[in-house]
Amino acid sequence: MTTSTVTATPSATAPRKDTAPDPARARLRRRLARWGFVAPAVVFMLLFFGYPLVRNVVMSFQHYTPKTFFTGEAPFNGGDNWSSVFQDALFGKALWHTLVFTACSLLGQFCVGLALAVFFNRRFPLGGVLRSLILLPWLVPMVVSGVVWRRILDQDTGVLNTFLDTLGLGGHTPWLTSPDMALLSVVLVNIWIGIPFNMVILYGGLQEIPRELYEAASLDGASAWRAFRSVTLPMLRPVITVVLVLGFMSTVKILDLILALTDGGPADATQTLGTLTYQNSFVELDFGAGAVVGNVLILISAVFAVFYLRANRTEGK
Amino acid sequence: MYTVLNSSTDETYHRWDAEAMARCGKRLGVTVEQQSVPASQVMTKALRMASSKSLPDVVQFDASEMPVFAEAGGLVDLRGLGLSTDHVPDGIVDFGSYRGTYYGAARSVNTLALFYNKDVLAEAGVRTPATWDDLREAARELTRGKRYGLALSAGGAEDGVFQFTPFMWSNGGDERELDSPEVVEALDFWKALLKDGSLSRSTVNWTQADVNDQFMAGNAAMMINGPWQVETLNSDPDLNWGIAEIPVPEAGADSVAPLGGAVLTVPRTGDDDRERMAGRIVACLTGEKEQLSYALNSWMVPADERAAAEWRSKVPELDALADQVATARSRTAQLGAGWPAVSLALQSAFQSALTGQSSEAALKRAQQRATSGN
């Protein structure tokens with residue numbers, strides 16, 4: 001440590017002597033150094049985000065089939081992929097399902113997560129143990145959750161219906177087997193999966209709120225509900241934005257859970273943009289159409305990201 | 001060193017294949033290694049390898065996927081590499097062919113049959129059903145309490161389509177005309193079983209493995225399934241099961257079931273010498289002796305006539321299966337690379353019909369979807 005500072009000092013002062021008479025060169029050097037620090041990130045982004053993104057957009061205008069892998073030729077076909085995807089009734093359905101799935105999942109996860117976070121914010125015996133137990137759904141791999149829930153929700157032999165039956169509450173609900181119910185069931189499972197994430201982040205945010213604010217509020221005669229609305233929620237806003245945006249990003253592209261639960265069925269009732277792009281690309285091997293749906297998915301995320309950035313900017317001011 | 005890309009990710013299959021490849025490698029004086037990926041990834045993996053010019057010497061495709069790779073120009077004519085089809089039944093040659101060229105050699109084939117619980121049928125005094133009417137009647141009588149008369153898979157994947165084909169084909173239906181009266185009738189028959197309460201409503205969410213679980217748990221008296229379940233079925237010594245051909249619409253009609261299974265192909269790598277050796281490896285792996293040992297291990301029917309005859313004498317309990325294979329039909333014989341689109345349309349159709357829509361409307365839409373490519 002000491003040796004390095006000793007050797008570093010002369011070399012650090014030497015260029016300063018050099019550049020002292022030339023401020024333009026110093027500025028250039030500083031700018032280069034700044035770019036040098038940014039360069040790895042830029043290269044990484046271009047290589048792993050920019051290139052695939054551009055490639056995907058280009059692919060959506062190409063006739064890209066299994067043959068392409070051999071010949072390397074993928075002729076451009078104008079907007080053919082786009083118009084055929086948009087004319088497909090399944091696309092509209094999948095888009096609608098994706099929006100319903102995302103909105104309902106976020107709402108459910110957020111409300112339950114917030115309620116639990118507020119609940120655990122008070123200290124009580126075993127609170128820490130319970131809080132860590134609630135994290136379990138987060139630790140279980142998505143596919144495992146999906147497979148287990150598929151068994152739980154089975155109409156005849158599932159645990160849930162058997163349980164409801166013993167309570168005399170029917171017990172014949174076609175959770176995953178009716179086109180009217182399947183989307184709701186998938187949403188419920190996804191809410192279960194998303195609760196821990198919401199709870200942990202919101203709990204962290206709650207811990208940051210100074211206790212004095214609540215004391216002041218109670219001195220002013222605020223009820224618990226009033227304190228929640230006027231202290232907790234405003235103080236929590238930046239955290240809420242983060243939770244919702246991250247939640248949105250991971251929910252809108254849902255694929256694994258649905259594949260494990262229903263495979264997009266029954267009768268396409270749980271087909272989302274994620275499963276549709278998978279089906280187009282890897283079952284039908286129509287990569288152009290798959291790219292179109294993928295692009296739509298990216299576009300939706302991008303629109304949301306703009307809102308997020310804008311919200312952050314106003315926050316900064 | 002020569003590489004075979006296959007889907008033998010199960011420990012048992014991986015071991016059987018490794019042993020077979022070691023034997024063939026020794027005979028041909030080369031090293032043969034296998035690279036195993038999940039079945040659903042073989043196609044995409046092979047395509048990626050094609051674009052990076054790193055194709056393996058032999059690829060084992062599911063036969064319903066082979067035409068896609070063949071159409072892309074990725075496979076070598078096996079007859080040109082010296083493989084003979086003299087002892088392979090025509091149906092199985094077609095199964096490995098695309099547009100008349102023989103690209104895929106099968107070691108064994110499988111198909112679907114009716115599995116039944118002998119004890120339950122005997123107790124209820126029900127004969128093994130041979131026609132649709134028999135099946136409907138038997139399934140109704142066998143449905144008691146938590147037990148359904150019949151279990152089958154109508155899931156939203158290839159499993160469900162595989163299971164629908166014997167009903168469609170035995171009734172004279174065809175995958176090129178999904179809205180024909182014959183296909184509508186077949187789907188109406190499924191709907192009738194469901195309406196009778198003989199089928200669980202969960203049918204639309206079951207894979208073939210789920211169906212087997214239900215049968216083994218005693219939740220179904222009969223099931224439509226394939227020989228790859230036999231090993232699991234035999235793991236329960238108290239389960240006394242039997243096997244029969246899938247019932248036909250009317251007495252005397254042919255029971256036409258789908259051929260399933262994998263074929264060994266030689267991808268076009270451009271290296272003639274390696275391709276020739278790959279052909280010899282495929283010939284060895286599909287030779288009479290290797291077929292028999294593979295078939296006995298996996299409970300599937302050997303593709304080669306001579307091996308099949310010997311197999312029958314060794315596993316007489318699966319006779320019905322061997323008969324079913326003799327008349328079985330390949331899913332891609334008519335449509336080739338167009339099969340995946342039709343399969344997706346068909347899945348959606350029978351799921352809609354089983355959950356309330358009329359068979360006619362569902363199949364009409366499926367036919368539109370299949371022809372428009374959407």
# chains A, B, ... in the order shown; residues from 1 in each chain; ligands from 1
$ residues_around --residues "B:Phe189" --least-positions-apart "6" --cutoff "10 Å" --atoms "only C-alpha atoms" --output "ChimeraX atom specification"
/B:132-133,136,167-168,183,195,249,359
$ write_last_selection --atoms "N, CA and C atoms" --output "short mmCIF file (atom, residue, chain, number, x, y, z; two decimals), in the first residue's frame"
data_model
loop_
_atom_site.label_atom_id
_atom_site.label_comp_id
_atom_site.auth_asym_id
_atom_site.auth_seq_id
_atom_site.Cartn_x
_atom_site.Cartn_y
_atom_site.Cartn_z
N TRP B 132 -66.44 -48.22 -30.47
CA TRP B 132 -66.70 -46.99 -29.74
C TRP B 132 -67.89 -47.15 -28.78
N ASP B 133 -68.95 -47.84 -29.29
CA ASP B 133 -70.12 -48.05 -28.44
C ASP B 133 -69.75 -48.86 -27.21
N ARG B 136 -67.75 -46.68 -24.84
CA ARG B 136 -68.57 -45.71 -24.12
C ARG B 136 -69.34 -46.39 -23.00
N PHE B 167 -58.51 -41.77 -32.96
CA PHE B 167 -59.96 -41.62 -33.07
C PHE B 167 -60.32 -40.99 -34.42
N MET B 168 -59.51 -39.99 -34.79
CA MET B 168 -59.73 -39.30 -36.06
C MET B 168 -59.51 -40.25 -37.23
N VAL B 183 -63.89 -36.13 -38.78
CA VAL B 183 -63.13 -35.59 -37.65
C VAL B 183 -64.09 -35.04 -36.60
N LYS B 195 -69.21 -35.97 -21.37
CA LYS B 195 -70.56 -35.66 -20.93
C LYS B 195 -71.12 -36.78 -20.06
N PRO B 249 -64.73 -47.25 -34.59
CA PRO B 249 -66.10 -46.74 -34.64
C PRO B 249 -67.12 -47.87 -34.80
N SER B 359 -68.13 -29.10 -31.60
CA SER B 359 -66.99 -29.68 -32.32
C SER B 359 -66.87 -29.06 -33.70
#
$ interface_residues --of "chain A" --to "chain B" --cutoff "7 Å" --atoms "only C-alpha atoms" --output "PDB file with C-alpha atoms, in the first residue's frame"
ATOM      1  CA  PRO A  66     -35.198 -23.506 -40.519  1.00  0.00           C
ATOM      2  CA  LYS A  67     -33.618 -23.269 -43.976  1.00  0.00           C
ATOM      3  CA  PHE A  69     -29.791 -21.847 -40.518  1.00  0.00           C
ATOM      4  CA  PHE A  70     -28.191 -23.709 -43.414  1.00  0.00           C
ATOM      5  CA  SER A  84     -49.895 -11.893 -40.476  1.00  0.00           C
ATOM      6  CA  ASP A  88     -54.045 -13.618 -36.190  1.00  0.00           C
ATOM      7  CA  ASP A 154     -56.215 -30.476 -10.205  1.00  0.00           C
ATOM      8  CA  GLN A 155     -59.969 -30.667 -10.442  1.00  0.00           C
ATOM      9  CA  THR A 177     -59.474 -26.865 -16.885  1.00  0.00           C
ATOM     10  CA  SER A 178     -62.092 -24.264 -17.704  1.00  0.00           C
ATOM     11  CA  THR A 262     -51.413 -24.867 -18.483  1.00  0.00           C
ATOM     12  CA  ASP A 263     -49.165 -24.796 -21.543  1.00  0.00           C
ATOM     13  CA  GLY A 265     -54.416 -23.848 -22.638  1.00  0.00           C
ATOM     14  CA  PRO A 266     -57.143 -24.847 -22.265  1.00  0.00           C
ATOM     15  CA  ALA A 267     -58.179 -23.642 -25.704  1.00  0.00           C
ATOM     16  CA  ASP A 268     -55.594 -20.804 -25.622  1.00  0.00           C
ATOM     17  CA  VAL A 283     -42.851 -24.970 -32.008  1.00  0.00           C
ATOM     18  CA  GLU A 284     -43.847 -23.664 -35.419  1.00  0.00           C
TER      19      GLU A 284
END
$ residues_around --residues "A:Val118" --least-positions-apart "5" --cutoff "10 Å" --atoms "only C-alpha atoms" --output "JSON, numbers by chain"
{"A": [112, 113, 199, 202, 203, 206, 207, 228, 232]}
